[in-house]
>>> print(open('upload_21.csv').read())   # CSV, C-alpha atoms and all ligand atoms
chain,number,residue,atom,x,y,z
G,1,MET,CA,51.8,122.7,94.1
G,2,SER,CA,54.3,119.8,94.1
G,3,SER,CA,54.9,117.7,97.2
G,4,TYR,CA,58.2,118.1,99.0
G,5,PRO,CA,59.8,114.8,97.9
G,6,PHE,CA,59.0,115.6,94.3
G,7,ARG,CA,60.6,119.0,94.4
G,8,PHE,CA,63.6,117.5,96.2
G,9,VAL,CA,64.0,114.9,93.4
G,10,LEU,CA,63.6,117.7,90.7
G,11,SER,CA,66.2,119.9,92.3
G,12,PHE,CA,68.6,117.0,92.6
G,13,ILE,CA,68.2,116.2,88.9
G,14,VAL,CA,68.8,119.9,88.0
G,15,MET,CA,71.9,119.9,90.2
G,16,LEU,CA,73.2,116.7,88.5
G,17,SER,CA,72.6,117.9,85.0
G,18,SER,CA,74.3,121.3,85.6
G,19,HIS,CA,77.2,119.8,87.4
G,20,PRO,CA,80.4,119.6,85.4
G,21,VAL,CA,81.9,116.1,84.9
G,22,MET,CA,84.2,114.9,87.6
G,23,SER,CA,87.8,115.5,86.7
G,24,GLN,CA,89.7,112.3,85.7
G,25,SER,CA,93.1,113.9,86.5
G,26,GLU,CA,93.8,111.1,89.1
G,27,HIS,CA,92.4,108.3,86.9
G,28,GLU,CA,94.5,105.2,86.2
G,29,TRP,CA,94.7,104.7,82.5
G,30,THR,CA,95.0,101.3,80.8
G,31,ARG,CA,97.9,100.4,78.5
G,32,GLU,CA,95.4,100.4,75.7
G,33,GLU,CA,94.3,104.0,76.5
G,34,LEU,CA,97.9,105.1,76.8
G,35,LEU,CA,98.8,103.6,73.4
G,36,GLY,CA,95.6,104.6,71.5
G,37,GLN,CA,94.3,101.0,71.2
G,38,ILE,CA,90.8,102.3,71.7
G,39,ASN,CA,87.6,103.0,69.7
G,40,PRO,CA,86.2,106.4,70.6
G,41,ALA,CA,83.1,105.8,68.6
G,42,SER,CA,82.0,103.0,70.9
G,43,ASN,CA,83.5,104.3,74.1
G,44,ALA,CA,81.2,106.1,76.6
G,45,ASP,CA,84.2,108.3,77.8
G,46,PHE,CA,84.3,110.1,74.4
G,47,ILE,CA,82.0,112.6,72.8
G,48,VAL,CA,81.6,113.3,69.2
G,49,VAL,CA,82.6,116.9,68.4
G,50,SER,CA,79.7,119.1,67.3
G,51,SER,CA,79.7,120.6,63.8
G,52,ASN,CA,79.8,124.0,65.6
G,53,TYR,CA,83.5,123.3,66.2
G,54,THR,CA,84.7,121.3,63.3
G,55,ARG,CA,84.0,120.7,59.6
G,56,LYS,CA,85.0,117.1,59.9
G,57,THR,CA,82.8,114.2,61.0
G,58,ASP,CA,83.6,111.5,63.5
G,59,ILE,CA,85.9,113.7,65.5
G,60,TYR,CA,86.0,112.7,69.2
G,61,LEU,CA,87.3,114.0,72.5
G,62,ARG,CA,87.2,112.8,76.1
G,63,GLU,CA,84.2,114.4,77.8
G,64,GLU,CA,86.2,116.5,80.2
G,65,THR,CA,88.5,117.8,77.3
G,66,TYR,CA,85.3,118.5,75.3
G,67,GLN,CA,83.6,120.6,78.0
G,68,ALA,CA,86.8,122.6,78.6
G,69,PHE,CA,87.1,123.2,74.8
G,70,GLU,CA,83.4,124.3,74.6
G,71,ALA,CA,84.0,126.9,77.3
G,72,MET,CA,87.1,128.1,75.6
G,73,TRP,CA,85.4,128.2,72.2
G,74,LYS,CA,82.6,130.4,73.6
G,75,ALA,CA,85.0,132.8,75.3
G,76,ALA,CA,86.9,133.0,72.1
G,77,LYS,CA,83.8,133.7,70.0
G,78,ASP,CA,82.8,136.5,72.4
G,79,ASP,CA,86.2,138.0,71.6
G,80,GLY,CA,85.7,137.6,67.8
G,81,ILE,CA,88.1,134.7,67.6
G,82,ARG,CA,87.1,131.6,65.6
G,83,LEU,CA,88.5,128.3,66.9
G,84,GLU,CA,88.1,125.3,64.6
G,85,ILE,CA,89.1,121.8,65.5
G,86,ILE,CA,90.9,120.1,62.6
G,87,SER,CA,92.1,117.0,64.5
G,88,ALA,CA,91.4,115.5,67.9
G,89,THR,CA,91.5,111.9,69.1
G,90,ARG,CA,93.5,109.6,66.8
G,91,THR,CA,93.7,105.8,67.4
G,92,TRP,CA,96.8,103.7,67.0
G,93,GLY,CA,95.4,102.5,63.7
G,94,ALA,CA,94.8,106.0,62.4
G,95,GLN,CA,98.3,107.0,63.5
G,96,LYS,CA,99.8,104.0,61.8
G,97,GLY,CA,98.0,105.0,58.6
G,98,ILE,CA,99.5,108.5,58.7
G,99,TRP,CA,103.0,107.2,59.6
G,100,ASN,CA,103.2,104.4,57.0
G,101,ARG,CA,101.9,106.8,54.2
G,102,LYS,CA,104.6,109.3,55.0
G,103,TRP,CA,107.2,106.5,55.2
G,104,ASP,CA,106.4,105.5,51.6
G,105,SER,CA,105.8,108.9,50.2
G,106,PRO,CA,108.2,110.4,47.6
G,107,ARG,CA,108.8,113.3,50.0
G,108,PHE,CA,110.8,111.0,52.3
G,109,MET,CA,112.2,108.5,49.8
G,110,GLY,CA,115.6,110.2,49.6
G,111,PHE,CA,116.4,109.4,53.3
G,112,GLU,CA,117.9,106.2,54.6
G,113,ALA,CA,115.7,104.5,57.1
G,114,LEU,CA,116.9,106.0,60.4
G,115,GLU,CA,117.1,109.5,58.9
G,116,ARG,CA,113.7,109.0,57.3
G,117,ALA,CA,112.2,108.3,60.7
G,118,ARG,CA,113.9,111.5,62.1
G,119,GLU,CA,112.5,113.6,59.2
G,120,ILE,CA,108.9,112.3,59.6
G,121,LEU,CA,109.2,112.8,63.4
G,122,LYS,CA,109.6,116.5,62.9
G,123,TYR,CA,105.8,116.8,62.8
G,124,SER,CA,104.4,113.3,63.1
G,125,SER,CA,104.3,110.7,65.8
G,126,MET,CA,104.9,107.0,65.5
G,127,PRO,CA,101.8,104.9,66.3
G,128,GLY,CA,101.5,104.4,70.1
G,129,THR,CA,103.4,107.6,70.9
G,130,SER,CA,101.0,110.4,70.0
G,131,ARG,CA,99.3,112.6,72.5
G,132,HIS,CA,96.3,112.5,70.1
G,133,HIS,CA,95.7,108.9,71.4
G,134,TRP,CA,94.7,110.3,74.7
G,135,GLY,CA,91.6,112.3,73.8
G,136,THR,CA,93.2,115.3,75.5
G,137,ASP,CA,94.9,117.1,72.6
G,138,ILE,CA,93.5,119.1,69.6
G,139,ASP,CA,94.9,120.7,66.5
G,140,LEU,CA,93.3,124.1,65.8
G,141,ASN,CA,92.6,126.0,62.6
G,142,SER,CA,95.7,125.3,60.4
G,143,LEU,CA,98.6,122.8,60.3
G,144,GLU,CA,101.1,125.5,59.1
G,145,ASN,CA,103.1,127.5,61.6
G,146,GLU,CA,103.3,130.4,59.1
G,147,TRP,CA,99.5,130.7,59.1
G,148,PHE,CA,99.7,131.8,62.7
G,149,GLU,CA,102.2,134.6,61.9
G,150,SER,CA,99.9,137.2,60.4
G,151,GLY,CA,96.2,138.2,60.0
G,152,GLU,CA,93.6,136.0,61.6
G,153,GLY,CA,96.1,133.3,62.4
G,154,LEU,CA,98.2,135.7,64.4
G,155,GLN,CA,95.1,137.0,66.3
G,156,ILE,CA,94.1,133.4,67.1
G,157,PHE,CA,97.6,132.4,68.3
G,158,GLN,CA,97.9,135.5,70.5
G,159,TRP,CA,94.5,134.9,71.9
G,160,LEU,CA,95.4,131.2,72.7
G,161,ILE,CA,98.7,132.1,74.3
G,162,ARG,CA,97.0,134.6,76.6
G,163,PHE,CA,93.7,132.8,77.4
G,164,ALA,CA,93.8,129.1,76.6
G,165,PRO,CA,95.6,128.3,79.9
G,166,GLU,CA,92.5,129.6,81.8
G,167,PHE,CA,90.6,126.7,80.3
G,168,GLY,CA,93.4,124.1,80.8
G,169,PHE,CA,94.9,124.2,77.3
G,170,HIS,CA,98.6,124.7,76.7
G,171,GLN,CA,100.9,124.7,73.7
G,172,VAL,CA,103.2,121.8,74.4
G,173,TYR,CA,105.3,121.8,71.2
G,174,THR,CA,106.7,125.3,71.7
G,175,GLU,CA,109.8,126.8,70.1
G,176,LYS,CA,112.8,124.5,70.8
G,177,SER,CA,115.3,127.3,71.5
G,178,GLN,CA,115.0,126.7,75.2
G,179,GLY,CA,116.2,123.1,75.1
G,180,ARG,CA,113.0,121.1,74.5
G,181,THR,CA,113.7,118.0,72.4
G,182,GLY,CA,111.6,116.1,69.9
G,183,TYR,CA,109.0,117.5,67.5
G,184,GLU,CA,109.3,120.9,65.9
G,185,GLU,CA,107.1,123.8,67.1
G,186,GLU,CA,103.4,123.3,66.5
G,187,ARG,CA,101.3,126.4,67.0
G,188,TRP,CA,98.2,124.5,66.2
G,189,HIS,CA,98.5,121.7,68.8
G,190,TRP,CA,96.9,122.4,72.2
G,191,SER,CA,96.8,120.0,75.1
G,192,TYR,CA,94.2,119.8,77.9
G,193,ILE,CA,96.8,119.5,80.7
G,194,PRO,CA,94.6,118.6,83.6
G,195,LEU,CA,94.1,115.2,81.9
G,196,SER,CA,97.1,114.9,79.6
G,197,ARG,CA,99.5,115.4,82.5
G,198,SER,CA,98.2,112.1,84.1
G,199,PHE,CA,98.5,110.3,80.7
G,200,LEU,CA,102.1,111.4,80.3
G,201,ASN,CA,103.1,110.5,83.9
G,202,GLN,CA,101.6,107.0,83.6
G,203,TYR,CA,102.9,106.6,80.1
G,204,VAL,CA,106.5,107.1,81.3
G,205,GLU,CA,105.9,104.6,84.1
G,206,LEU,CA,104.3,101.9,82.0
G,207,ILE,CA,105.6,102.0,78.4
G,208,CYS,CA,109.1,101.1,77.2
G,209,ASP,CA,110.9,101.8,73.9
G,210,ASP,CA,111.4,98.1,73.2
G,211,GLU,CA,107.7,97.2,72.9
G,212,PHE,CA,106.8,99.0,69.7
G,213,ASP,CA,106.0,96.9,66.6
G,214,GLY,CA,103.6,96.7,63.6
G,215,PHE,CA,104.6,99.8,61.5
G,216,LYS,CA,107.4,100.8,59.2
G,217,GLY,CA,110.6,101.8,60.9
G,218,ALA,CA,109.5,100.4,64.3
G,219,GLU,CA,112.9,98.8,64.7
G,220,TYR,CA,114.4,102.4,65.2
G,221,VAL,CA,112.3,103.3,68.2
G,222,ASP,CA,115.0,102.3,70.6
G,223,SER,CA,117.9,104.1,68.9
G,224,LEU,CA,115.7,107.2,68.5
G,225,LYS,CA,114.8,107.1,72.3
G,226,ILE,CA,111.3,107.8,71.3
G,227,ILE,CA,109.8,108.1,74.8
G,228,GLN,CA,112.6,110.2,76.3
G,229,SER,CA,113.2,112.5,73.3
G,230,TYR,CA,109.7,112.8,71.8
G,231,VAL,CA,106.9,111.7,74.2
G,232,GLN,CA,108.7,113.6,77.0
G,233,GLY,CA,109.9,116.4,74.7
G,234,VAL,CA,107.2,118.8,75.7
G,235,GLN,CA,107.0,122.2,77.3
G,236,GLU,CA,105.3,121.5,80.6
G,237,PRO,CA,103.3,124.5,81.9
G,238,HIS,CA,104.5,126.0,85.1
G,301,ZN,ZN,98.5,117.6,67.0
>>> encode(input="upload_21.csv", output="structure tokens", more="lines below")
Ligand SMILES: [Zn+2]
Amino acid sequence: MSSYPFRFVLSFIVMLSSHPVMSQSEHEWTREELLGQINPASNADFIVVSSNYTRKTDIYLREETYQAFEAMWKAAKDDGIRLEIISATRTWGAQKGIWNRKWDSPRFMGFEALERAREILKYSSMPGTSRHHWGTDIDLNSLENEWFESGEGLQIFQWLIRFAPEFGFHQVYTEKSQGRTGYEEERWHWSYIPLSRSFLNQYVELICDDEFDGFKGAEYVDSLKIIQSYVQGVQEPH
């Protein structure tokens, strides 16, 4: 039979290991964290997403987001719903790659510069302005709104609308018919609000339109009112 101190230590270890991570909803984020100037692969706050949840490698989430997603994934699985992460944390550099590729692609060539930025901004963020920088937001299953209109896609979307909020996840890019500005609807983009709310609040306090640089079309950030119209153009949950 083990001595009392030993059992005490053992139960303490069990308690620690089964305890969920402390919420970082009150955390003060650095400018680098707000702007995605981070490296999740070498940052202890991030966890690599298991191959149970994604077909991609090197996909990262903040630990608290990840634990909430795991709980949601399991609940969905019990209901016969298959959730698959197709994108999670993206760094400033990764977002710059996406943005500059679109800027130079034939699809957007017919637009003059300011209009080209507006077109790309229907579904993509400028580097430094993406919620994917924060490690709190995920894209699920398909990047096509239509996919969520029938069959498995519709079942998944209906499940998410009904149950995702129980796990802290909300669709932030909802239909724009009720006055939301910025990006078009994205049925695949879900945000872990307990953390992303603090990111958004601090972003608005600390970051200004006139400090963006280093990617194509950065000179239009000001006239597009990127922070007011796009970063803040989200449906906040009630
Ligand atoms: Zn997204």
>>> atom_distance(input="upload_21.csv", atom1="atom CA of G:Glu119", atom2="atom CA of G:Thr174")
18.1 Å
>>> residues_around(input="upload_21.csv", residues="stretch 150-156 of chain G", least_positions_apart="5", cutoff="12 Å", atoms="all atoms listed in the file", output="ChimeraX atom specification")
/G:73,76-77,79-84,140-145,161-164,187-188
>>> closest_residue(input="upload_21.csv", among="G:Ile138, G:Val234, G:Leu114, G:Met22", to="G:Asp222", atoms="all atoms listed in the file")
G:Leu114
>>> atom_distance(input="upload_21.csv", atom1="atom CA of G:Trp159", atom2="atom CA of G:Arg180")
23.2 Å
>>> closest_residue(input="upload_21.csv", among="G:His189, G:Trp147, G:Trp103, G:Leu35", to="G:Arg118", atoms="all atoms listed in the file")
G:Trp103
>>> atom_distance(input="upload_21.csv", atom1="atom CA of G:Phe215", atom2="atom CA of G:Ala88")
21.5 Å
>>> closest_residue(input="upload_21.csv", among="G:Ile86, G:Ile120, G:Ile98, G:Leu224", to="ligand ZN 301 (chain G)", atoms="all atoms listed in the file")
G:Ile86
>>> closest_atom_pairs(input="upload_21.csv", of="chain G", to="ligand ZN 301 (chain G)", cutoff="12 Å", atoms="only C-alpha atoms and all ligand atoms", output="JSON lines")
{"residue": "G:Ile85", "atom": "CA", "partner": "G:ZN301", "partner_atom": "ZN", "distance": 10.4}
{"residue": "G:Ile86", "atom": "CA", "partner": "G:ZN301", "partner_atom": "ZN", "distance": 9.1}
{"residue": "G:Ser87", "atom": "CA", "partner": "G:ZN301", "partner_atom": "ZN", "distance": 6.9}
{"residue": "G:Ala88", "atom": "CA", "partner": "G:ZN301", "partner_atom": "ZN", "distance": 7.5}
{"residue": "G:Thr89", "atom": "CA", "partner": "G:ZN301", "partner_atom": "ZN", "distance": 9.3}
{"residue": "G:Arg90", "atom": "CA", "partner": "G:ZN301", "partner_atom": "ZN", "distance": 9.4}
{"residue": "G:Gln95", "atom": "CA", "partner": "G:ZN301", "partner_atom": "ZN", "distance": 11.2}
{"residue": "G:Lys122", "atom": "CA", "partner": "G:ZN301", "partner_atom": "ZN", "distance": 11.9}
{"residue": "G:Tyr123", "atom": "CA", "partner": "G:ZN301", "partner_atom": "ZN", "distance": 8.5}
{"residue": "G:Ser124", "atom": "CA", "partner": "G:ZN301", "partner_atom": "ZN", "distance": 8.3}
{"residue": "G:Ser125", "atom": "CA", "partner": "G:ZN301", "partner_atom": "ZN", "distance": 9.1}
{"residue": "G:Thr129", "atom": "CA", "partner": "G:ZN301", "partner_atom": "ZN", "distance": 11.8}
{"residue": "G:Ser130", "atom": "CA", "partner": "G:ZN301", "partner_atom": "ZN", "distance": 8.2}
{"residue": "G:Arg131", "atom": "CA", "partner": "G:ZN301", "partner_atom": "ZN", "distance": 7.5}
{"residue": "G:His132", "atom": "CA", "partner": "G:ZN301", "partner_atom": "ZN", "distance": 6.4}
{"residue": "G:His133", "atom": "CA", "partner": "G:ZN301", "partner_atom": "ZN", "distance": 10.1}
{"residue": "G:Trp134", "atom": "CA", "partner": "G:ZN301", "partner_atom": "ZN", "distance": 11.3}
{"residue": "G:Gly135", "atom": "CA", "partner": "G:ZN301", "partner_atom": "ZN", "distance": 11.0}
{"residue": "G:Thr136", "atom": "CA", "partner": "G:ZN301", "partner_atom": "ZN", "distance": 10.3}
{"residue": "G:Asp137", "atom": "CA", "partner": "G:ZN301", "partner_atom": "ZN", "distance": 6.7}
{"residue": "G:Ile138", "atom": "CA", "partner": "G:ZN301", "partner_atom": "ZN", "distance": 5.8}
{"residue": "G:Asp139", "atom": "CA", "partner": "G:ZN301", "partner_atom": "ZN", "distance": 4.8}
{"residue": "G:Leu140", "atom": "CA", "partner": "G:ZN301", "partner_atom": "ZN", "distance": 8.4}
{"residue": "G:Asn141", "atom": "CA", "partner": "G:ZN301", "partner_atom": "ZN", "distance": 11.2}
{"residue": "G:Ser142", "atom": "CA", "partner": "G:ZN301", "partner_atom": "ZN", "distance": 10.5}
{"residue": "G:Leu143", "atom": "CA", "partner": "G:ZN301", "partner_atom": "ZN", "distance": 8.5}
{"residue": "G:Glu144", "atom": "CA", "partner": "G:ZN301", "partner_atom": "ZN", "distance": 11.5}
{"residue": "G:Gln171", "atom": "CA", "partner": "G:ZN301", "partner_atom": "ZN", "distance": 10.1}
{"residue": "G:Val172", "atom": "CA", "partner": "G:ZN301", "partner_atom": "ZN", "distance": 9.7}
{"residue": "G:Tyr173", "atom": "CA", "partner": "G:ZN301", "partner_atom": "ZN", "distance": 9.0}
{"residue": "G:Tyr183", "atom": "CA", "partner": "G:ZN301", "partner_atom": "ZN", "distance": 10.5}
{"residue": "G:Glu184", "atom": "CA", "partner": "G:ZN301", "partner_atom": "ZN", "distance": 11.3}
{"residue": "G:Glu185", "atom": "CA", "partner": "G:ZN301", "partner_atom": "ZN", "distance": 10.6}
{"residue": "G:Glu186", "atom": "CA", "partner": "G:ZN301", "partner_atom": "ZN", "distance": 7.5}
{"residue": "G:Arg187", "atom": "CA", "partner": "G:ZN301", "partner_atom": "ZN", "distance": 9.2}
{"residue": "G:Trp188", "atom": "CA", "partner": "G:ZN301", "partner_atom": "ZN", "distance": 7.0}
{"residue": "G:His189", "atom": "CA", "partner": "G:ZN301", "partner_atom": "ZN", "distance": 4.5}
{"residue": "G:Trp190", "atom": "CA", "partner": "G:ZN301", "partner_atom": "ZN", "distance": 7.3}
{"residue": "G:Ser191", "atom": "CA", "partner": "G:ZN301", "partner_atom": "ZN", "distance": 8.6}
{"residue": "G:Tyr192", "atom": "CA", "partner": "G:ZN301", "partner_atom": "ZN", "distance": 11.9}
>>> build_atoms(input="upload_21.csv", residues="stretch 99-131 of chain G", atoms="N, CA and C atoms", output="mmCIF file, in the coordinates of the input")
data_model
loop_
_atom_site.group_PDB
_atom_site.id
_atom_site.type_symbol
_atom_site.label_atom_id
_atom_site.label_comp_id
_atom_site.auth_asym_id
_atom_site.auth_seq_id
_atom_site.Cartn_x
_atom_site.Cartn_y
_atom_site.Cartn_z
ATOM 1 N N TRP G 99 101.524 107.457 59.565
ATOM 2 C CA TRP G 99 103.000 107.200 59.600
ATOM 3 C C TRP G 99 103.428 106.393 58.391
ATOM 4 N N ASN G 100 102.746 105.299 58.088
ATOM 5 C CA ASN G 100 103.200 104.400 57.000
ATOM 6 C C ASN G 100 103.052 105.171 55.627
ATOM 7 N N ARG G 101 102.007 106.007 55.490
ATOM 8 C CA ARG G 101 101.900 106.800 54.200
ATOM 9 C C ARG G 101 103.055 107.714 54.055
ATOM 10 N N LYS G 102 103.447 108.384 55.146
ATOM 11 C CA LYS G 102 104.600 109.300 55.000
ATOM 12 C C LYS G 102 105.871 108.494 54.737
ATOM 13 N N TRP G 103 106.025 107.348 55.396
ATOM 14 C CA TRP G 103 107.200 106.500 55.200
ATOM 15 C C TRP G 103 107.422 106.158 53.736
ATOM 16 N N ASP G 104 106.301 105.890 53.051
ATOM 17 C CA ASP G 104 106.400 105.500 51.600
ATOM 18 C C ASP G 104 106.218 106.600 50.654
ATOM 19 N N SER G 105 106.056 107.833 51.140
ATOM 20 C CA SER G 105 105.800 108.900 50.200
ATOM 21 C C SER G 105 107.071 109.431 49.556
ATOM 22 N N PRO G 106 106.991 109.934 48.315
ATOM 23 C CA PRO G 106 108.200 110.400 47.600
ATOM 24 C C PRO G 106 108.958 111.464 48.402
ATOM 25 N N ARG G 107 108.216 112.224 49.216
ATOM 26 C CA ARG G 107 108.800 113.300 50.000
ATOM 27 C C ARG G 107 109.953 112.763 50.918
ATOM 28 N N PHE G 108 109.818 111.532 51.399
ATOM 29 C CA PHE G 108 110.800 111.000 52.300
ATOM 30 C C PHE G 108 111.677 109.903 51.754
ATOM 31 N N MET G 109 111.511 109.644 50.439
ATOM 32 C CA MET G 109 112.200 108.500 49.800
ATOM 33 C C MET G 109 113.720 108.722 49.782
ATOM 34 N N GLY G 110 114.179 109.961 49.734
ATOM 35 C CA GLY G 110 115.600 110.200 49.600
ATOM 36 C C GLY G 110 116.392 109.931 50.890
ATOM 37 N N PHE G 111 115.704 109.605 51.974
ATOM 38 C CA PHE G 111 116.400 109.400 53.300
ATOM 39 C C PHE G 111 116.556 107.925 53.565
ATOM 40 N N GLU G 112 117.732 107.581 54.073
ATOM 41 C CA GLU G 112 117.900 106.200 54.600
ATOM 42 C C GLU G 112 117.016 106.047 55.807
ATOM 43 N N ALA G 113 116.775 104.789 56.174
ATOM 44 C CA ALA G 113 115.700 104.500 57.100
ATOM 45 C C ALA G 113 115.709 105.312 58.419
ATOM 46 N N LEU G 114 116.840 105.322 59.138
ATOM 47 C CA LEU G 114 116.900 106.000 60.400
ATOM 48 C C LEU G 114 116.623 107.518 60.233
ATOM 49 N N GLU G 115 117.261 108.051 59.178
ATOM 50 C CA GLU G 115 117.100 109.500 58.900
ATOM 51 C C GLU G 115 115.682 109.789 58.432
ATOM 52 N N ARG G 116 115.085 108.848 57.721
ATOM 53 C CA ARG G 116 113.700 109.000 57.300
ATOM 54 C C ARG G 116 112.773 109.136 58.492
ATOM 55 N N ALA G 117 113.007 108.265 59.459
ATOM 56 C CA ALA G 117 112.200 108.300 60.700
ATOM 57 C C ALA G 117 112.356 109.702 61.343
ATOM 58 N N ARG G 118 113.615 110.179 61.416
ATOM 59 C CA ARG G 118 113.900 111.500 62.100
ATOM 60 C C ARG G 118 113.138 112.614 61.327
ATOM 61 N N GLU G 119 113.141 112.553 59.993
ATOM 62 C CA GLU G 119 112.500 113.600 59.200
ATOM 63 C C GLU G 119 110.967 113.589 59.443
ATOM 64 N N ILE G 120 110.358 112.395 59.404
ATOM 65 C CA ILE G 120 108.900 112.300 59.600
ATOM 66 C C ILE G 120 108.569 112.774 61.029
ATOM 67 N N LEU G 121 109.470 112.443 61.962
ATOM 68 C CA LEU G 121 109.200 112.800 63.400
ATOM 69 C C LEU G 121 109.302 114.291 63.648
ATOM 70 N N LYS G 122 109.663 115.082 62.645
ATOM 71 C CA LYS G 122 109.600 116.500 62.900
ATOM 72 C C LYS G 122 108.218 116.980 63.244
ATOM 73 N N TYR G 123 107.230 116.376 62.556
ATOM 74 C CA TYR G 123 105.800 116.800 62.800
ATOM 75 C C TYR G 123 104.858 115.666 63.021
ATOM 76 N N SER G 124 105.293 114.418 62.907
ATOM 77 C CA SER G 124 104.400 113.300 63.100
ATOM 78 C C SER G 124 104.887 112.275 64.057
ATOM 79 N N SER G 125 103.965 111.661 64.779
ATOM 80 C CA SER G 125 104.300 110.700 65.800
ATOM 81 C C SER G 125 104.253 109.257 65.231
ATOM 82 N N MET G 126 105.074 108.385 65.803
ATOM 83 C CA MET G 126 104.900 107.000 65.500
ATOM 84 C C MET G 126 103.640 106.474 66.239
ATOM 85 N N PRO G 127 103.004 105.444 65.679
ATOM 86 C CA PRO G 127 101.800 104.900 66.300
ATOM 87 C C PRO G 127 102.177 104.450 67.773
ATOM 88 N N GLY G 128 101.299 104.758 68.700
ATOM 89 C CA GLY G 128 101.500 104.400 70.100
ATOM 90 C C GLY G 128 102.218 105.486 70.899
ATOM 91 N N THR G 129 102.672 106.551 70.222
ATOM 92 C CA THR G 129 103.400 107.600 70.900
ATOM 93 C C THR G 129 102.778 108.986 70.798
ATOM 94 N N SER G 130 101.578 109.045 70.229
ATOM 95 C CA SER G 130 101.000 110.400 70.000
ATOM 96 C C SER G 130 100.097 110.804 71.140
ATOM 97 N N ARG G 131 100.177 112.073 71.472
ATOM 98 C CA ARG G 131 99.300 112.600 72.500
ATOM 99 C C ARG G 131 97.829 112.615 71.983
#
